[in-house]
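Visitor: One file: protein_5.cif (mmCIF, C-alpha atoms and all ligand atoms).
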data_my_file
#
loop_
_atom_site.label_atom_id
_atom_site.label_comp_id
_atom_site.auth_asym_id
_atom_site.auth_seq_id
_atom_site.Cartn_x
_atom_site.Cartn_y
_atom_site.Cartn_z
CA MET A 1 110.63 97.30 103.33
CA SER A 2 110.69 93.68 104.41
CA GLN A 3 108.38 91.35 102.58
CA LYS A 4 106.61 88.44 104.24
CA TYR A 5 107.20 85.15 102.50
CA THR A 6 103.97 84.11 100.81
CA HIS A 7 104.50 80.57 99.51
CA PHE A 8 102.64 82.08 96.54
CA LYS A 9 99.38 82.06 98.54
CA GLY A 10 96.91 84.85 99.16
CA ASN A 11 96.35 88.35 97.88
CA HIS A 12 99.61 90.00 98.87
CA LEU A 13 101.96 88.64 96.28
CA SER A 14 104.69 90.79 94.75
CA ARG A 15 104.50 91.64 91.05
CA SER A 16 107.02 88.94 90.27
CA GLU A 17 105.17 86.36 92.35
CA LEU A 18 101.88 87.23 90.63
CA VAL A 19 103.45 86.60 87.23
CA GLN A 20 105.14 83.39 88.37
CA ARG A 21 101.84 82.06 89.73
CA MET A 22 100.08 83.07 86.52
CA VAL A 23 102.63 81.13 84.45
CA VAL A 24 102.22 77.96 86.52
CA GLU A 25 98.43 78.26 86.21
CA ALA A 26 98.71 78.85 82.45
CA ILE A 27 100.64 75.60 82.06
CA LEU A 28 98.32 73.59 84.30
CA GLN A 29 95.18 75.01 82.70
CA SER A 30 96.27 74.78 79.07
CA PRO A 31 93.68 72.61 77.30
CA VAL A 32 96.30 71.18 74.90
CA PRO A 33 97.23 67.67 76.13
CA ASP A 34 100.84 66.46 76.28
CA GLU A 35 100.35 64.30 73.17
CA LYS A 36 99.73 67.46 71.16
CA ARG A 37 102.38 69.60 72.86
CA ASP A 38 105.94 70.01 71.61
CA TRP A 39 107.04 69.75 75.25
CA SER A 40 105.32 68.13 78.22
CA LYS A 41 103.65 70.17 80.93
CA VAL A 42 106.06 68.59 83.42
CA PHE A 43 109.02 69.94 81.46
CA GLU A 44 107.38 73.34 81.13
CA LEU A 45 106.79 73.56 84.89
CA LYS A 46 110.30 72.42 85.70
CA HIS A 47 112.06 74.52 83.05
CA SER A 48 110.22 77.76 83.77
CA SER A 49 110.92 77.37 87.50
CA SER A 50 114.57 76.43 87.21
CA VAL A 51 115.37 79.15 84.68
CA VAL A 52 113.95 81.62 87.21
CA GLN A 53 116.30 80.35 89.91
CA THR A 54 119.31 80.53 87.60
CA ALA A 55 118.25 84.01 86.52
CA CYS A 56 118.19 85.08 90.19
CA MET A 57 121.73 83.84 90.68
CA LEU A 58 123.03 85.45 87.49
CA ALA A 59 121.30 88.75 88.30
CA GLN A 60 123.01 88.81 91.68
CA LYS A 61 126.37 87.82 90.17
CA ARG A 62 126.07 90.48 87.45
CA GLY A 63 124.53 93.21 89.59
CA LEU A 64 121.39 93.38 87.44
CA ASN A 65 117.74 93.95 88.33
CA GLN A 66 116.60 90.65 89.82
CA GLU A 67 112.88 91.30 89.39
CA MET A 68 113.26 91.98 85.67
CA ALA A 69 115.52 88.95 85.31
CA VAL A 70 112.90 86.75 86.97
CA LEU A 71 110.11 88.16 84.83
CA GLY A 72 112.03 87.57 81.62
CA ALA A 73 112.97 84.08 82.75
CA VAL A 74 109.52 82.94 83.79
CA LEU A 75 107.84 84.38 80.69
CA HIS A 76 110.41 83.54 78.02
CA ASP A 77 108.58 80.41 76.84
CA ILE A 78 105.04 81.65 77.54
CA ALA A 79 103.93 81.01 73.95
CA VAL A 80 104.76 77.32 74.31
CA PHE A 81 102.94 77.15 77.63
CA LYS A 82 99.82 78.75 76.18
CA THR A 83 99.68 76.97 72.83
CA GLY A 84 101.80 73.85 73.16
CA SER A 85 103.76 74.89 70.05
CA ALA A 86 107.42 75.87 70.12
CA THR A 87 107.36 77.22 66.55
CA ASN A 88 108.36 80.90 66.50
CA HIS A 89 107.70 80.92 70.23
CA ALA A 90 110.01 83.82 71.05
CA ILE A 91 108.24 86.26 68.73
CA ASN A 92 104.81 84.85 69.56
CA GLY A 93 105.61 85.08 73.25
CA ALA A 94 106.52 88.75 73.03
CA ASN A 95 103.12 89.42 71.49
CA ILE A 96 101.37 87.36 74.18
CA VAL A 97 103.05 88.94 77.21
CA THR A 98 102.28 92.53 76.31
CA PRO A 99 98.48 92.41 76.81
CA ILE A 100 98.83 90.04 79.79
CA LEU A 101 101.12 92.45 81.61
CA GLN A 102 99.04 95.47 80.59
CA ARG A 103 95.92 93.84 82.06
CA MET A 104 97.69 93.26 85.38
CA GLY A 105 98.00 97.03 85.74
CA VAL A 106 101.15 96.93 87.85
CA PHE A 107 103.83 97.43 85.20
CA SER A 108 104.79 100.59 83.36
CA ASP A 109 104.79 100.68 79.56
CA GLU A 110 108.58 100.85 79.68
CA GLU A 111 108.78 97.74 81.86
CA ILE A 112 106.35 95.84 79.62
CA GLY A 113 108.36 96.79 76.54
CA HIS A 114 111.55 95.58 78.18
CA ILE A 115 110.01 92.27 79.32
CA ALA A 116 108.62 91.71 75.81
CA LEU A 117 112.14 92.34 74.45
CA LEU A 118 113.58 89.71 76.81
CA VAL A 119 111.02 87.19 75.54
CA ARG A 120 111.40 88.12 71.86
CA GLU A 121 115.20 87.91 71.85
CA HIS A 122 115.72 84.82 73.96
CA SER A 123 116.01 82.40 71.04
CA ASN A 124 118.79 84.42 69.40
CA LYS A 125 121.52 82.65 71.35
CA HIS A 126 123.94 83.26 68.47
CA LEU A 127 123.66 87.04 68.87
CA ILE A 128 125.19 89.15 71.61
CA SER A 129 122.80 91.86 72.75
CA ALA A 130 123.78 95.22 74.18
CA ASP A 131 120.99 94.67 76.73
CA SER A 132 122.45 92.86 79.76
CA LEU A 133 119.12 91.34 80.77
CA VAL A 134 118.55 89.94 77.28
CA GLU A 135 121.89 88.21 77.60
CA LEU A 136 121.03 86.99 81.09
CA VAL A 137 117.78 85.32 80.00
CA LYS A 138 119.53 83.59 77.08
CA ASP A 139 122.29 82.37 79.38
CA ALA A 140 119.88 81.15 82.07
CA ASP A 141 117.79 79.33 79.45
CA VAL A 142 120.64 77.49 77.76
CA PHE A 143 122.43 76.71 81.04
CA ASP A 144 119.24 75.20 82.49
CA CYS A 145 118.82 72.96 79.46
CA SER A 146 122.48 71.92 79.66
CA LEU A 147 121.77 70.24 83.00
CA LEU A 148 119.14 67.96 81.48
CA GLU A 149 119.96 64.40 80.50
CA GLY A 150 120.51 64.14 76.76
CA ALA A 151 120.90 67.88 76.24
CA TYR A 152 124.29 67.57 74.53
CA ASP A 153 123.00 65.11 71.93
CA ALA A 154 119.84 67.14 71.38
CA TYR A 155 121.83 70.30 70.70
CA ARG A 156 124.18 68.50 68.31
CA GLU A 157 121.28 66.91 66.44
CA GLN A 158 119.00 69.90 66.19
CA LYS A 159 121.34 72.81 65.54
CA SER A 160 124.10 73.64 63.09
CA SER A 161 127.67 73.46 64.37
CA GLU A 162 127.91 77.23 64.05
CA ILE A 163 124.86 77.81 66.25
CA VAL A 164 125.83 75.05 68.66
CA ALA A 165 129.16 76.80 69.24
CA HIS A 166 127.32 79.83 70.59
CA TYR A 167 125.17 77.67 72.87
CA PHE A 168 128.17 75.79 74.22
CA ALA A 169 130.12 79.02 74.77
CA ARG A 170 127.23 80.36 76.84
CA ILE A 171 127.08 77.14 78.86
CA GLN A 172 130.82 77.24 79.62
CA LYS A 173 130.60 80.93 80.51
CA VAL A 174 127.77 80.38 83.01
CA ARG A 175 129.45 77.30 84.48
CA ALA A 176 132.56 79.37 85.18
CA GLU A 177 130.48 82.23 86.54
CA LEU A 178 128.72 79.92 88.99
CA GLY A 179 131.98 78.29 90.04
CA LEU A 180 131.22 74.96 88.39
CA PRO A 181 134.13 72.95 86.97
CA HIS A 182 135.00 73.22 83.31
CA ASP A 183 133.22 70.44 81.43
CA LYS A 184 134.89 69.27 78.22
CA GLN A 185 131.52 68.10 76.93
CA TRP A 186 130.71 71.70 76.07
CA ASP A 187 133.97 72.39 74.22
CA LEU A 188 133.79 72.32 70.47
FE FE A 201 113.51 78.01 77.60
#
Please re-express this file's structure in structure tokens.
Guide:
Amino acid sequence: MSQKYTHFKGNHLSRSELVQRMVVEAILQSPVPDEKRDWSKVFELKHSSSVVQTACMLAQKRGLNQEMAVLGAVLHDIAVFKTGSATNHAINGANIVTPILQRMGVFSDEEIGHIALLVREHSNKHLISADSLVELVKDADVFDCSLLEGAYDAYREQKSSEIVAHYFARIQKVRAELGLPHDKQWDL
């Protein structure tokens, strides 16, 4: 069935569009000001949107469910968007998304459990999951950050060399997958 493009307006949004609009509204409406947020609202809007686009591309490349990839991508940092705090945000986010998605009434329990798993696992970049969508969300997240100015230095400063190696390996893998040139910056 063809779907009319909505520009995210009106009452006929797809499930994925409804969630994406809800995430943007959650960021804009969060009462926590930038000064008290770990990240800025501008970053949160940009990052959540661009991880979704990368997730779409990776889902198509990998032959995975694009809707689930988008949902995991747009929700993976929901705890930061809601609270302004990045501390334990993967686990907190998994707890936040479950009642939100249940209230929407358009997702099955199995789908909600899977989306919560994508959110909960996304910070474990050093682990390889047997779940292809978990891996996709991690890859989309770290690749998106790799395109930001200063990302290399931030990774080297904030993470151990062992953990950084996993991040950089994911970045190189996605770059190759998307046909981007090898970038020595991400070699350890
Ligand atoms: Fe993220």
Visitor: Quick one: distance from CA of Lys4 in chain A to CA of Gln53 in chain A in Å, one decimal?
Guide: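 Between CA of Lys4 in chain A and CA of Gln53 in chain A the gap is 19.1 Å.
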Visitor: With distances taken over all atoms listed in the file, which of A:Trp39, A:Phe168, A:Phe8, A:Trp186 is nearest to ligand FE 201 (chain A)?
Guide: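 The closest residue to ligand FE 201 (chain A) is A:Trp39.
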Visitor: Could you give me, as a list of chain:residue names, the residues within 12 Å of range 156-161 of chain A, counting all atoms listed in the file and dropping anything in the same chain fewer than 6 positions from it?
Guide: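 Using all atoms listed in the file, the neighbours found are A:Lys125, A:His126, A:Ser146, A:Gly150, A:Tyr167, A:Phe168, A:Gln185, A:Trp186, A:Asp187, A:Leu188.
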Visitor: Between CA of Arg103 in chain A and CA of Gly10 in chain A, what is the spacing in Å?
Guide: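 Separation of CA of Gly10 in chain A and CA of Arg103 in chain A: 19.3 Å.
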Visitor: Using all atoms listed in the file, pick whichever of A:Pro31, A:Gly93, A:Pro181, A:Pro99 has the shortest atom-to-atom distance to His76 in chain A.
Guide: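 The answer is A:Gly93, which sits nearest to His76 in chain A.
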Visitor: Any idea what the distance is between CA of His7 in chain A and CA of Lys46 in chain A?
Guide: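 One can read the CA of His7 in chain A to CA of Lys46 in chain A distance as 17.1 Å.
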Visitor: Around the point (103.2, 93.3, 92.0) (coordinates from the file), which residues reach within 6 Å if we count all atoms listed in the file? Answer as a ChimeraX atom specification.
Guide: /A:14-15,106
Visitor: For ligand FE 201 (chain A), which residue out of A:Gly179, A:Pro33, A:Gly63, A:Gly72 is the nearest one, using all atoms listed in the file?
Guide: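 Using all atoms listed in the file, ligand FE 201 (chain A) sits closest to A:Gly72.
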Visitor: As a PDB file with C-alpha atoms, keeping the file's coordinate frame, please: every protein or nucleic acid residue near ligand FE 201 (chain A) (cut-off 8 Å, counting all atoms listed in the file).
Guide:
ATOM      1  CA  HIS A  47     112.060  74.520  83.050  1.00  0.00           C
ATOM      2  CA  SER A  48     110.220  77.760  83.770  1.00  0.00           C
ATOM      3  CA  VAL A  51     115.370  79.150  84.680  1.00  0.00           C
ATOM      4  CA  ALA A  73     112.970  84.080  82.750  1.00  0.00           C
ATOM      5  CA  HIS A  76     110.410  83.540  78.020  1.00  0.00           C
ATOM      6  CA  ASP A  77     108.580  80.410  76.840  1.00  0.00           C
ATOM      7  CA  ASP A 141     117.790  79.330  79.450  1.00  0.00           C
ATOM      8  CA  VAL A 142     120.640  77.490  77.760  1.00  0.00           C
ATOM      9  CA  CYS A 145     118.820  72.960  79.460  1.00  0.00           C
TER      10      CYS A 145
END
